[in-house]
$ cat coords20.pdb   # PDB, C-alpha atoms
ATOM      1  CA  MET V   1      82.130  93.304  50.485
ATOM      2  CA  ASN V   2      78.729  94.910  50.146
ATOM      3  CA  LEU V   3      76.789  95.233  53.318
ATOM      4  CA  VAL V   4      73.102  96.117  53.508
ATOM      5  CA  PRO V   5      72.204  99.820  53.596
ATOM      6  CA  PRO V   6      72.651 101.530  56.992
ATOM      7  CA  SER V   7      68.937 101.934  57.498
ATOM      8  CA  ARG V   8      68.457  98.145  57.440
ATOM      9  CA  MET V   9      71.745  96.974  58.955
ATOM     10  CA  ASN V  10      71.412  95.107  62.189
ATOM     11  CA  CYS V  11      74.098  93.761  64.525
ATOM     12  CA  ASP V  12      74.250  90.368  62.830
ATOM     13  CA  ALA V  13      74.820  91.949  59.433
ATOM     14  CA  PHE V  14      77.510  94.200  60.829
ATOM     15  CA  LEU V  15      79.300  91.405  62.642
ATOM     16  CA  ALA V  16      79.190  89.192  59.561
ATOM     17  CA  GLY V  17      81.482  91.717  57.889
ATOM     18  CA  LEU V  18      83.556  92.462  60.972
ATOM     19  CA  ALA V  19      86.729  90.848  59.616
ATOM     20  CA  GLU V  20      86.564  92.958  56.458
ATOM     21  CA  TYR V  21      85.830  96.042  58.551
ATOM     22  CA  LEU V  22      88.879  95.462  60.733
ATOM     23  CA  GLY V  23      90.963  94.435  57.743
ATOM     24  CA  ASP V  24      90.090  97.569  55.740
ATOM     25  CA  GLU V  25      88.616  95.495  52.966
ATOM     26  CA  LEU V  26      85.200  97.081  52.748
ATOM     27  CA  ASP V  27      84.282  99.119  49.719
ATOM     28  CA  PRO V  28      83.395 102.758  50.447
ATOM     29  CA  ALA V  29      79.633 102.162  50.485
ATOM     30  CA  ALA V  30      79.887  99.243  52.869
ATOM     31  CA  GLN V  31      82.309 101.187  55.018
ATOM     32  CA  ALA V  32      79.825 104.045  55.284
ATOM     33  CA  ALA V  33      77.063 101.604  56.177
ATOM     34  CA  ALA V  34      79.189 100.015  58.891
ATOM     35  CA  ASP V  35      80.181 103.393  60.304
ATOM     36  CA  ALA V  36      76.562 104.458  60.370
ATOM     37  CA  HIS V  37      75.613 101.304  62.243
ATOM     38  CA  LEU V  38      78.417 101.780  64.742
ATOM     39  CA  SER V  39      77.400 105.341  65.471
ATOM     40  CA  GLY V  40      74.013 104.129  66.604
ATOM     41  CA  CYS V  41      74.897 100.800  68.266
ATOM     42  CA  ALA V  42      76.793 100.962  71.554
ATOM     43  CA  ALA V  43      77.093  97.174  71.826
ATOM     44  CA  CYS V  44      78.836  96.765  68.464
ATOM     45  CA  ARG V  45      80.968  99.834  69.079
ATOM     46  CA  SER V  46      82.170  98.400  72.354
ATOM     47  CA  GLN V  47      83.030  95.152  70.599
ATOM     48  CA  VAL V  48      84.840  96.870  67.767
ATOM     49  CA  ASP V  49      86.739  99.348  69.940
ATOM     50  CA  GLY V  50      88.558  96.567  71.752
ATOM     51  CA  LEU V  51      89.456  94.804  68.507
ATOM     52  CA  VAL V  52      90.628  98.031  66.886
ATOM     53  CA  ARG V  53      92.807  98.747  69.872
ATOM     54  CA  ALA V  54      94.266  95.247  69.642
ATOM     55  CA  ARG V  55      94.904  95.708  65.917
ATOM     56  CA  ASP V  56      96.513  99.105  66.491
ATOM     57  CA  ALA V  57      98.757  97.627  69.173
ATOM     58  CA  VAL V  58     100.107  95.057  66.726
ATOM     59  CA  GLU V  59     100.374  97.612  63.922
ATOM     60  CA  SER V  60     102.376  99.896  66.184
ATOM     61  CA  MET V  61     105.121  97.276  66.099
ATOM     62  CA  VAL V  62     105.536  97.607  62.324
ATOM     63  CA  PRO V  63     107.232 101.041  62.241
ATOM     64  CA  HIS V  64     109.212  99.791  65.203
ATOM     65  CA  ALA V  65     110.952  97.472  62.770
ATOM     66  CA  GLU V  66     112.480 100.288  60.728
ATOM     67  CA  HIS V  67     115.535 100.601  62.960
ATOM     68  CA  ALA V  68     116.188  96.899  62.726
ATOM     69  CA  GLU V  69     115.591  96.868  58.967
ATOM     70  CA  ALA V  70     118.316  99.463  58.483
ATOM     71  CA  ARG V  71     120.752  97.159  60.238
ATOM     72  CA  VAL V  72     119.601  94.120  58.331
ATOM     73  CA  VAL V  73     120.372  95.745  54.965
ATOM     74  CA  GLY V  74     124.054  95.651  55.913
ATOM     75  CA  LEU V  75     123.952  91.973  56.807
ATOM     76  CA  ALA V  76     125.778  89.420  54.721
ATOM     77  CA  MET V  77     124.294  86.114  53.728
ATOM     78  CA  PRO V  78     124.976  83.682  56.567
ATOM     79  CA  SER V  79     127.308  80.895  55.609
ATOM     80  CA  GLU V  80     126.601  77.308  56.390
ATOM     81  CA  PRO V  81     128.886  75.906  59.091
ATOM     82  CA  PRO V  82     131.233  73.279  57.625
ATOM     83  CA  ARG V  83     129.927  69.786  58.066
ATOM     84  CA  LEU V  84     132.237  66.800  58.013
ATOM     85  CA  ASN V  85     130.960  64.258  55.587
ATOM     86  CA  LEU V  86     131.471  60.563  55.977
ATOM     87  CA  LEU V  87     134.614  60.485  53.818
ATOM     88  CA  ARG V  88     136.258  63.200  55.867
ATOM     89  CA  ARG V  89     135.314  61.548  59.128
ATOM     90  CA  VAL V  90     136.924  58.331  57.974
ATOM     91  CA  ALA V  91     139.868  60.035  56.257
ATOM     92  CA  ARG V  92     141.115  61.804  59.363
ATOM     93  CA  PRO V  93     141.763  58.697  61.516
ATOM     94  CA  LEU V  94     143.135  56.935  58.450
ATOM     95  CA  ALA V  95     145.649  59.729  57.900
ATOM     96  CA  VAL V  96     146.742  59.540  61.531
ATOM     97  CA  ALA V  97     147.149  55.779  61.286
ATOM     98  CA  ALA V  98     149.150  56.122  58.070
ATOM     99  CA  GLY V  99     151.391  58.703  59.695
ATOM    100  CA  LEU V 100     152.052  56.371  62.596
ATOM    101  CA  ALA V 101     152.801  53.497  60.265
ATOM    102  CA  ILE V 102     155.274  55.590  58.286
ATOM    103  CA  ALA V 103     156.997  56.778  61.459
ATOM    104  CA  PHE V 104     157.132  53.192  62.666
ATOM    105  CA  GLY V 105     158.654  52.083  59.359
ATOM    106  CA  LEU V 106     161.243  54.853  59.477
ATOM    107  CA  GLY V 107     162.189  53.819  62.977
ATOM    108  CA  TYR V 108     162.602  50.258  61.792
ATOM    109  CA  ALA V 109     164.775  51.388  58.914
ATOM    110  CA  ALA V 110     166.900  53.487  61.259
ATOM    111  CA  ARG V 111     167.835  50.292  63.056
ATOM    112  CA  GLY V 112     169.799  49.004  60.037
ATOM    113  CA  PRO V 113     173.592  49.344  59.828
ATOM    114  CA  ALA V 114     173.398  51.953  57.085
ATOM    115  CA  ALA V 115     171.681  54.400  59.421
ATOM    116  CA  MET V 116     174.412  54.143  62.050
ATOM    117  CA  PRO V 117     177.446  56.365  62.173
ATOM    118  CA  PRO V 118     180.474  54.634  60.718
ATOM    119  CA  GLY V 119     182.590  52.766  63.170
ATOM    120  CA  GLN V 120     179.968  52.837  65.945
ATOM    121  CA  PRO V 121     179.279  49.425  67.514
ATOM    122  CA  ILE V 122     175.712  48.219  67.120
ATOM    123  CA  GLU V 123     175.176  47.836  70.908
ATOM    124  CA  GLN V 124     176.223  51.444  71.479
ATOM    125  CA  ALA V 125     173.966  52.738  68.721
ATOM    126  CA  SER V 126     171.043  50.747  70.094
ATOM    127  CA  ALA V 127     171.585  52.112  73.602
ATOM    128  CA  SER V 128     171.762  55.627  72.184
ATOM    129  CA  LEU V 129     168.484  55.133  70.296
ATOM    130  CA  THR V 130     166.799  53.675  73.392
ATOM    131  CA  GLU V 131     167.843  56.683  75.425
ATOM    132  CA  THR V 132     166.586  59.043  72.725
ATOM    133  CA  TYR V 133     163.195  57.333  72.543
ATOM    134  CA  ALA V 134     162.860  57.261  76.313
ATOM    135  CA  ARG V 135     163.477  60.999  76.426
ATOM    136  CA  ALA V 136     160.909  61.526  73.705
ATOM    137  CA  ALA V 137     158.374  59.442  75.618
ATOM    138  CA  ARG V 138     158.885  61.524  78.753
ATOM    139  CA  SER V 139     158.612  64.838  76.934
ATOM    140  CA  ALA V 140     155.595  63.854  74.802
ATOM    141  CA  PRO V 141     153.477  61.230  76.525
ATOM    142  CA  ALA V 142     150.851  61.559  73.779
ATOM    143  CA  THR V 143     153.201  59.874  71.334
ATOM    144  CA  SER V 144     154.198  57.182  73.807
ATOM    145  CA  SER V 145     152.611  54.403  71.763
ATOM    146  CA  LEU V 146     154.794  55.300  68.808
ATOM    147  CA  THR V 147     157.829  55.579  71.036
ATOM    148  CA  TRP V 148     157.021  52.226  72.583
ATOM    149  CA  GLY V 149     157.008  50.682  69.149
ATOM    150  CA  LEU V 150     160.308  52.261  68.237
ATOM    151  CA  MET V 151     161.915  51.250  71.545
ATOM    152  CA  SER V 152     160.817  47.682  71.101
ATOM    153  CA  ILE V 153     162.661  47.658  67.789
ATOM    154  CA  ALA V 154     165.708  49.338  69.243
ATOM    155  CA  ASN V 155     165.838  46.874  72.108
ATOM    156  CA  ARG V 156     165.982  43.860  69.806
TER     157      ARG V 156
ATOM    158  CA  MET G   1      84.019  73.831  16.693
ATOM    159  CA  THR G   2      84.151  76.556  19.297
ATOM    160  CA  HIS G   3      82.464  76.626  22.633
ATOM    161  CA  GLY G   4      81.024  79.816  24.042
ATOM    162  CA  ARG G   5      82.930  79.454  27.285
ATOM    163  CA  ALA G   6      86.089  81.541  27.465
ATOM    164  CA  THR G   7      89.062  79.886  29.053
ATOM    165  CA  THR G   8      91.260  81.887  31.359
ATOM    166  CA  VAL G   9      94.915  81.009  31.269
ATOM    167  CA  LEU G  10      96.540  81.884  34.542
ATOM    168  CA  PRO G  11     100.147  83.009  34.415
ATOM    169  CA  PRO G  12     102.542  80.449  35.837
ATOM    170  CA  PRO G  13     103.593  81.153  39.417
ATOM    171  CA  ALA G  14     106.918  82.910  39.860
ATOM    172  CA  PRO G  15     109.756  80.474  40.486
ATOM    173  CA  PRO G  16     111.431  80.471  43.900
ATOM    174  CA  LEU G  17     114.653  82.393  44.376
ATOM    175  CA  GLY G  18     118.031  80.921  45.174
ATOM    176  CA  PRO G  19     119.174  81.265  48.797
ATOM    177  CA  GLU G  20     121.382  84.302  48.192
ATOM    178  CA  ALA G  21     118.855  86.140  46.031
ATOM    179  CA  CYS G  22     116.134  85.235  48.505
ATOM    180  CA  PHE G  23     118.201  86.663  51.348
ATOM    181  CA  ILE G  24     118.788  89.947  49.523
ATOM    182  CA  ALA G  25     115.163  90.221  48.434
ATOM    183  CA  HIS G  26     113.497  89.309  51.717
ATOM    184  CA  ARG G  27     115.854  90.093  54.597
ATOM    185  CA  SER G  28     114.061  93.384  55.348
ATOM    186  CA  THR G  29     110.671  91.706  55.092
ATOM    187  CA  VAL G  30     111.699  88.957  57.478
ATOM    188  CA  CYS G  31     112.981  91.591  59.877
ATOM    189  CA  ARG G  32     109.652  93.436  59.718
ATOM    190  CA  TRP G  33     107.760  90.216  60.408
ATOM    191  CA  ALA G  34     109.986  89.467  63.373
ATOM    192  CA  CYS G  35     109.405  92.892  64.911
ATOM    193  CA  THR G  36     105.662  92.717  64.256
ATOM    194  CA  LEU G  37     105.578  89.387  66.038
ATOM    195  CA  GLY G  38     107.203  90.958  69.063
ATOM    196  CA  ALA G  39     110.927  90.435  68.518
ATOM    197  CA  ASP G  40     113.113  93.160  69.902
ATOM    198  CA  PRO G  41     114.758  95.213  67.124
ATOM    199  CA  GLN G  42     118.090  94.401  68.775
ATOM    200  CA  VAL G  43     117.443  90.690  68.310
ATOM    201  CA  ALA G  44     115.633  90.875  64.968
ATOM    202  CA  PRO G  45     118.807  90.847  62.789
ATOM    203  CA  ASP G  46     119.935  87.686  64.586
ATOM    204  CA  ILE G  47     116.591  86.111  63.842
ATOM    205  CA  VAL G  48     116.928  87.088  60.183
ATOM    206  CA  GLN G  49     120.321  85.378  60.047
ATOM    207  CA  GLU G  50     118.899  82.326  61.762
ATOM    208  CA  VAL G  51     115.981  82.062  59.344
ATOM    209  CA  PHE G  52     118.243  82.058  56.298
ATOM    210  CA  LEU G  53     120.766  79.789  57.949
ATOM    211  CA  ARG G  54     117.945  77.333  58.466
ATOM    212  CA  MET G  55     117.107  77.659  54.791
ATOM    213  CA  LEU G  56     120.699  76.824  53.878
ATOM    214  CA  LYS G  57     120.852  73.877  56.244
ATOM    215  CA  SER G  58     117.563  72.228  55.400
ATOM    216  CA  ALA G  59     117.610  73.249  51.719
ATOM    217  CA  PRO G  60     113.842  73.009  51.305
ATOM    218  CA  THR G  61     112.367  72.867  47.812
ATOM    219  CA  PHE G  62     109.546  75.210  46.864
ATOM    220  CA  ALA G  63     107.000  75.012  44.117
ATOM    221  CA  SER G  64     106.827  78.789  43.760
ATOM    222  CA  ALA G  65     108.061  82.092  45.152
ATOM    223  CA  GLY G  66     104.830  82.344  47.153
ATOM    224  CA  ALA G  67     105.480  79.015  48.828
ATOM    225  CA  GLN G  68     109.002  80.166  49.614
ATOM    226  CA  LEU G  69     107.648  83.330  51.210
ATOM    227  CA  GLY G  70     105.161  81.290  53.216
ATOM    228  CA  TRP G  71     108.002  79.081  54.485
ATOM    229  CA  LEU G  72     110.003  82.142  55.508
ATOM    230  CA  ARG G  73     107.034  83.622  57.356
ATOM    231  CA  ARG G  74     106.347  80.363  59.185
ATOM    232  CA  VAL G  75     109.973  79.866  60.243
ATOM    233  CA  THR G  76     110.243  83.499  61.331
ATOM    234  CA  ALA G  77     107.106  83.222  63.460
ATOM    235  CA  ASN G  78     108.390  80.082  65.162
ATOM    236  CA  LEU G  79     111.854  81.499  65.771
ATOM    237  CA  VAL G  80     110.482  84.684  67.307
ATOM    238  CA  ILE G  81     108.410  82.677  69.743
ATOM    239  CA  ASP G  82     111.401  80.443  70.525
ATOM    240  CA  HIS G  83     113.533  83.499  71.270
ATOM    241  CA  ARG G  84     110.880  85.025  73.470
ATOM    242  CA  ARG G  85     110.338  81.802  75.373
ATOM    243  CA  ALA G  86     114.070  81.361  75.854
ATOM    244  CA  ALA G  87     114.314  84.875  77.300
ATOM    245  CA  ARG G  88     111.447  84.346  79.712
ATOM    246  CA  PRO G  89     113.208  82.219  82.393
ATOM    247  CA  ALA G  90     115.921  84.883  82.689
ATOM    248  CA  MET G  91     113.228  87.480  83.325
ATOM    249  CA  ARG G  92     111.650  85.276  85.972
ATOM    250  CA  LEU G  93     114.929  84.589  87.770
ATOM    251  CA  THR G  94     116.335  88.079  87.826
ATOM    252  CA  GLY G  95     113.032  89.875  88.071
ATOM    253  CA  GLU G  96     114.113  92.362  85.452
ATOM    254  CA  VAL G  97     113.675  92.649  81.734
ATOM    255  CA  PRO G  98     116.790  91.464  79.833
ATOM    256  CA  GLN G  99     118.844  94.087  78.035
ATOM    257  CA  THR G 100     117.658  93.013  74.624
ATOM    258  CA  GLU G 101     114.032  93.486  75.666
ATOM    259  CA  ARG G 102     114.472  97.044  76.840
ATOM    260  CA  VAL G 103     112.985  98.833  73.903
ATOM    261  CA  PRO G 104     110.542 101.666  74.396
ATOM    262  CA  ILE G 105     107.224 100.425  73.080
ATOM    263  CA  GLY G 106     103.722 101.413  74.005
ATOM    264  CA  ALA G 107     101.916  99.680  76.843
ATOM    265  CA  ASP G 108      99.391  98.145  74.446
ATOM    266  CA  ALA G 109     102.173  96.907  72.174
ATOM    267  CA  ALA G 110     103.897  95.280  75.137
ATOM    268  CA  VAL G 111     100.695  93.466  76.043
ATOM    269  CA  ALA G 112     100.141  92.488  72.405
ATOM    270  CA  THR G 113     103.671  91.132  72.239
ATOM    271  CA  ALA G 114     103.069  88.993  75.308
ATOM    272  CA  ALA G 115      99.753  87.824  73.870
ATOM    273  CA  MET G 116     101.480  86.646  70.673
ATOM    274  CA  ASP G 117     102.927  83.722  72.593
ATOM    275  CA  GLN G 118      99.446  82.458  73.336
ATOM    276  CA  LEU G 119      98.252  82.535  69.737
ATOM    277  CA  SER G 120      98.285  79.524  67.480
ATOM    278  CA  GLU G 121     100.831  79.406  64.677
ATOM    279  CA  MET G 122      98.123  80.027  62.090
ATOM    280  CA  GLN G 123      96.791  83.028  63.995
ATOM    281  CA  ARG G 124     100.261  84.551  64.144
ATOM    282  CA  LEU G 125     100.828  83.938  60.430
ATOM    283  CA  VAL G 126      97.527  85.543  59.491
ATOM    284  CA  LEU G 127      98.137  88.493  61.779
ATOM    285  CA  VAL G 128     101.575  89.249  60.410
ATOM    286  CA  ALA G 129     100.480  88.762  56.801
ATOM    287  CA  LYS G 130      97.553  91.105  57.310
ATOM    288  CA  LEU G 131      99.130  93.808  59.447
ATOM    289  CA  ALA G 132     102.785  93.768  58.404
ATOM    290  CA  ASP G 133     102.350  92.923  54.729
ATOM    291  CA  ASN G 134      98.870  94.363  54.161
ATOM    292  CA  LEU G 135      97.772  91.304  52.232
ATOM    293  CA  THR G 136      94.087  90.745  51.578
ATOM    294  CA  PHE G 137      92.283  87.811  53.153
ATOM    295  CA  ALA G 138      92.147  86.182  49.730
ATOM    296  CA  GLN G 139      95.900  86.527  49.232
ATOM    297  CA  ILE G 140      96.605  85.119  52.675
ATOM    298  CA  ALA G 141      94.270  82.211  52.032
ATOM    299  CA  ALA G 142      96.036  81.436  48.756
ATOM    300  CA  GLU G 143      99.437  81.557  50.376
ATOM    301  CA  LEU G 144      98.497  79.418  53.352
ATOM    302  CA  GLY G 145      96.374  77.051  51.296
ATOM    303  CA  VAL G 146      93.230  77.480  53.368
ATOM    304  CA  ALA G 147      89.756  78.917  52.739
ATOM    305  CA  VAL G 148      89.154  82.659  52.985
ATOM    306  CA  PRO G 149      86.605  82.295  55.836
ATOM    307  CA  THR G 150      89.212  80.329  57.790
ATOM    308  CA  VAL G 151      91.662  83.198  57.444
ATOM    309  CA  LYS G 152      89.027  85.650  58.683
ATOM    310  CA  THR G 153      88.302  83.449  61.666
ATOM    311  CA  HIS G 154      91.966  83.282  62.612
ATOM    312  CA  TYR G 155      92.281  87.035  62.203
ATOM    313  CA  LEU G 156      89.317  87.780  64.446
ATOM    314  CA  ARG G 157      90.310  85.226  67.056
ATOM    315  CA  ALA G 158      93.863  86.566  67.169
ATOM    316  CA  LEU G 159      92.633  90.107  67.656
ATOM    317  CA  GLY G 160      90.100  88.857  70.205
ATOM    318  CA  ALA G 161      92.821  87.131  72.218
ATOM    319  CA  ILE G 162      94.921  90.298  72.249
ATOM    320  CA  ARG G 163      91.891  92.364  73.169
ATOM    321  CA  ASP G 164      91.211  90.043  76.091
ATOM    322  CA  ARG G 165      94.807  90.479  77.272
ATOM    323  CA  LEU G 166      94.390  94.223  77.001
ATOM    324  CA  GLY G 167      91.290  93.917  79.156
ATOM    325  CA  VAL G 168      89.211  96.156  76.948
ATOM    326  CA  GLY G 169      86.058  95.884  74.913
ATOM    327  CA  ASP G 170      82.958  93.845  75.194
ATOM    328  CA  SER G 171      83.585  90.154  75.291
ATOM    329  CA  ASP G 172      79.929  89.311  75.679
ATOM    330  CA  PRO G 173      79.410  85.828  74.196
ATOM    331  CA  GLY G 174      76.197  87.086  72.653
ATOM    332  CA  LEU G 175      78.220  89.398  70.509
ATOM    333  CA  ARG G 176      81.008  86.922  69.916
ATOM    334  CA  SER G 177      78.895  84.191  68.483
ATOM    335  CA  PRO G 178      77.839  86.083  65.349
ATOM    336  CA  VAL G 179      81.503  86.820  64.678
ATOM    337  CA  GLN G 180      82.305  83.170  64.722
ATOM    338  CA  ARG G 181      79.120  82.325  62.924
ATOM    339  CA  GLY G 182      79.881  84.808  60.185
ATOM    340  CA  VAL G 183      83.234  83.207  59.431
ATOM    341  CA  SER G 184      83.491  79.479  59.612
ATOM    342  CA  SER G 185      86.796  77.793  60.366
TER     343      SER G 185
END

$ encode --input "coords20.pdb" --output "structure tokens"
Amino acid sequence: MNLVPPSRMNCDAFLAGLAEYLGDELDPAAQAAADAHLSGCAACRSQVDGLVRARDAVESMVPHAEHAEARVVGLAMPSEPPRLNLLRRVARPLAVAAGLAIAFGLGYAARGPAAMPPGQPIEQASASLTETYARAARSAPATSSLTWGLMSIANR
Amino acid sequence: MTHGRATTVLPPPAPPLGPEACFIAHRSTVCRWACTLGADPQVAPDIVQEVFLRMLKSAPTFASAGAQLGWLRRVTANLVIDHRRAARPAMRLTGEVPQTERVPIGADAAVATAAMDQLSEMQRLVLVAKLADNLTFAQIAAELGVAVPTVKTHYLRALGAIRDRLGVGDSDPGLRSPVQRGVSS
């Protein structure tokens, strides 16, 4: 930005280019004109000194970043945390339900004569199964609903 | 038939980078922004990770590499302030500066860091673009999509707010008004 020559520069002209002055965007001639004005104007100098100090305070943080930058170079690209989509959210309970159904079906099949040891009376086998399921229910209460289903079959 | 007016063909803007390439290209820059905005160098790498994680999660689309850089700068500025605000209640309760804040910085820099919280988002963006990246006012204006005088106004007001926190300089309204008159917002 070209400012007016130092001999004619007043405070308004200087302050109109203050942003460029503080941002180091003045061309050499304008910079010289601004410096000349500042050397003879205490009011503008007081104004500028505070802003320069503020700018320098922020700029002093930039080299401060070098230590952190060295550490950042070794960083790996962060990976996105896995998100369960709708299919997966539905598939999980479905798989559990299918597992239960299969276990229930197996229990039902075990009730048949073919699953019993040869020569064992059906009442004895049923009592043995009931006892087994009851033990399982006590040791694993979480599966009690499955055990309940199996026991109800065994008790038929 | 030819017209006397010469037409200038501007080169097309650079395309945005993919997330991984963007991370490799800009992780140091993001870290520098974070520190300039007052993040502790101990915390800055976490902020860098968080910025790019946010990019992965939200998967924003950018028209150009410049727009992508602008997005990164904006998210970084917001995250730094969030981190600083989150750390503040701990300082109030315990009466001491948290471990991550114990970094030897100058007294003026400490005041400037505290003053950052009071600045508007645009003021912070302009400040970091100007002082950390050494962009010109015109470049900042193009990136932020605002007029050059607006950028100058934000720059001067940001510095003025920090100066006021430092308690130095002449804040005579008679001298302030030409500053604001010279650069319209």

$ interface_residues --input "coords20.pdb" --of "chain G" --to "chain V" --cutoff "8 Å" --atoms "only C-alpha atoms" --output "mmCIF file with C-alpha atoms, in the frame of the given file"
data_model
loop_
_atom_site.group_PDB
_atom_site.id
_atom_site.type_symbol
_atom_site.label_atom_id
_atom_site.label_comp_id
_atom_site.auth_asym_id
_atom_site.auth_seq_id
_atom_site.Cartn_x
_atom_site.Cartn_y
_atom_site.Cartn_z
ATOM 1 C CA GLU G 20 121.382 84.302 48.192
ATOM 2 C CA PHE G 23 118.201 86.663 51.348
ATOM 3 C CA ILE G 24 118.788 89.947 49.523
ATOM 4 C CA ARG G 27 115.854 90.093 54.597
ATOM 5 C CA SER G 28 114.061 93.384 55.348
ATOM 6 C CA CYS G 31 112.981 91.591 59.877
ATOM 7 C CA ARG G 32 109.652 93.436 59.718
ATOM 8 C CA TRP G 33 107.760 90.216 60.408
ATOM 9 C CA CYS G 35 109.405 92.892 64.911
ATOM 10 C CA THR G 36 105.662 92.717 64.256
ATOM 11 C CA LEU G 37 105.578 89.387 66.038
ATOM 12 C CA GLY G 38 107.203 90.958 69.063
ATOM 13 C CA PRO G 41 114.758 95.213 67.124
ATOM 14 C CA GLN G 42 118.090 94.401 68.775
ATOM 15 C CA ALA G 44 115.633 90.875 64.968
ATOM 16 C CA PRO G 45 118.807 90.847 62.789
ATOM 17 C CA VAL G 48 116.928 87.088 60.183
ATOM 18 C CA GLN G 49 120.321 85.378 60.047
ATOM 19 C CA PHE G 52 118.243 82.058 56.298
ATOM 20 C CA LEU G 53 120.766 79.789 57.949
ATOM 21 C CA LEU G 56 120.699 76.824 53.878
ATOM 22 C CA LYS G 57 120.852 73.877 56.244
ATOM 23 C CA ILE G 105 107.224 100.425 73.080
ATOM 24 C CA GLY G 106 103.722 101.413 74.005
ATOM 25 C CA ASP G 108 99.391 98.145 74.446
ATOM 26 C CA ALA G 109 102.173 96.907 72.174
ATOM 27 C CA ALA G 112 100.141 92.488 72.405
ATOM 28 C CA THR G 113 103.671 91.132 72.239
ATOM 29 C CA LYS G 130 97.553 91.105 57.310
ATOM 30 C CA LEU G 131 99.130 93.808 59.447
ATOM 31 C CA ALA G 132 102.785 93.768 58.404
ATOM 32 C CA THR G 136 94.087 90.745 51.578
ATOM 33 C CA LYS G 152 89.027 85.650 58.683
ATOM 34 C CA THR G 153 88.302 83.449 61.666
ATOM 35 C CA TYR G 155 92.281 87.035 62.203
ATOM 36 C CA LEU G 156 89.317 87.780 64.446
ATOM 37 C CA LEU G 159 92.633 90.107 67.656
ATOM 38 C CA GLY G 160 90.100 88.857 70.205
ATOM 39 C CA ILE G 162 94.921 90.298 72.249
ATOM 40 C CA ARG G 163 91.891 92.364 73.169
ATOM 41 C CA LEU G 166 94.390 94.223 77.001
ATOM 42 C CA VAL G 168 89.211 96.156 76.948
ATOM 43 C CA GLY G 169 86.058 95.884 74.913
ATOM 44 C CA ASP G 170 82.958 93.845 75.194
ATOM 45 C CA SER G 171 83.585 90.154 75.291
ATOM 46 C CA LEU G 175 78.220 89.398 70.509
ATOM 47 C CA PRO G 178 77.839 86.083 65.349
ATOM 48 C CA VAL G 179 81.503 86.820 64.678
ATOM 49 C CA ARG G 181 79.120 82.325 62.924
ATOM 50 C CA GLY G 182 79.881 84.808 60.185
ATOM 51 C CA VAL G 183 83.234 83.207 59.431
#

$ closest_residue --input "coords20.pdb" --among "G:Val111, G:Leu127, G:Ala34, G:Pro19" --to "Ala77 (chain G)" --atoms "only C-alpha atoms"
G:Ala34

$ atom_distance --input "coords20.pdb" --atom1 "CA of His26 (chain G)" --atom2 "CA of Gly66 (chain G)"
12.0 Å

$ resolve_selection --input "coords20.pdb" --expression "the PyMOL selection byres ((chain G and resi 60-62) around 12)" --output "CSV table (one decimal) with C-alpha atoms, in the coordinates of the input"
chain,number,residue,atom,x,y,z
G,13,PRO,CA,103.6,81.2,39.4
G,14,ALA,CA,106.9,82.9,39.9
G,15,PRO,CA,109.8,80.5,40.5
G,16,PRO,CA,111.4,80.5,43.9
G,17,LEU,CA,114.7,82.4,44.4
G,18,GLY,CA,118.0,80.9,45.2
G,19,PRO,CA,119.2,81.3,48.8
G,52,PHE,CA,118.2,82.1,56.3
G,53,LEU,CA,120.8,79.8,57.9
G,54,ARG,CA,117.9,77.3,58.5
G,55,MET,CA,117.1,77.7,54.8
G,56,LEU,CA,120.7,76.8,53.9
G,57,LYS,CA,120.9,73.9,56.2
G,58,SER,CA,117.6,72.2,55.4
G,59,ALA,CA,117.6,73.2,51.7
G,63,ALA,CA,107.0,75.0,44.1
G,64,SER,CA,106.8,78.8,43.8
G,65,ALA,CA,108.1,82.1,45.2
G,66,GLY,CA,104.8,82.3,47.2
G,67,ALA,CA,105.5,79.0,48.8
G,68,GLN,CA,109.0,80.2,49.6
G,69,LEU,CA,107.6,83.3,51.2
G,70,GLY,CA,105.2,81.3,53.2
G,71,TRP,CA,108.0,79.1,54.5
G,72,LEU,CA,110.0,82.1,55.5
G,75,VAL,CA,110.0,79.9,60.2

$ atom_distance --input "coords20.pdb" --atom1 "CA of Val30 (chain G)" --atom2 "CA of Asn78 (chain G)"
12.2 Å

$ atom_distance --input "coords20.pdb" --atom1 "CA of Val80 (chain G)" --atom2 "CA of Pro149 (chain G)"
26.6 Å
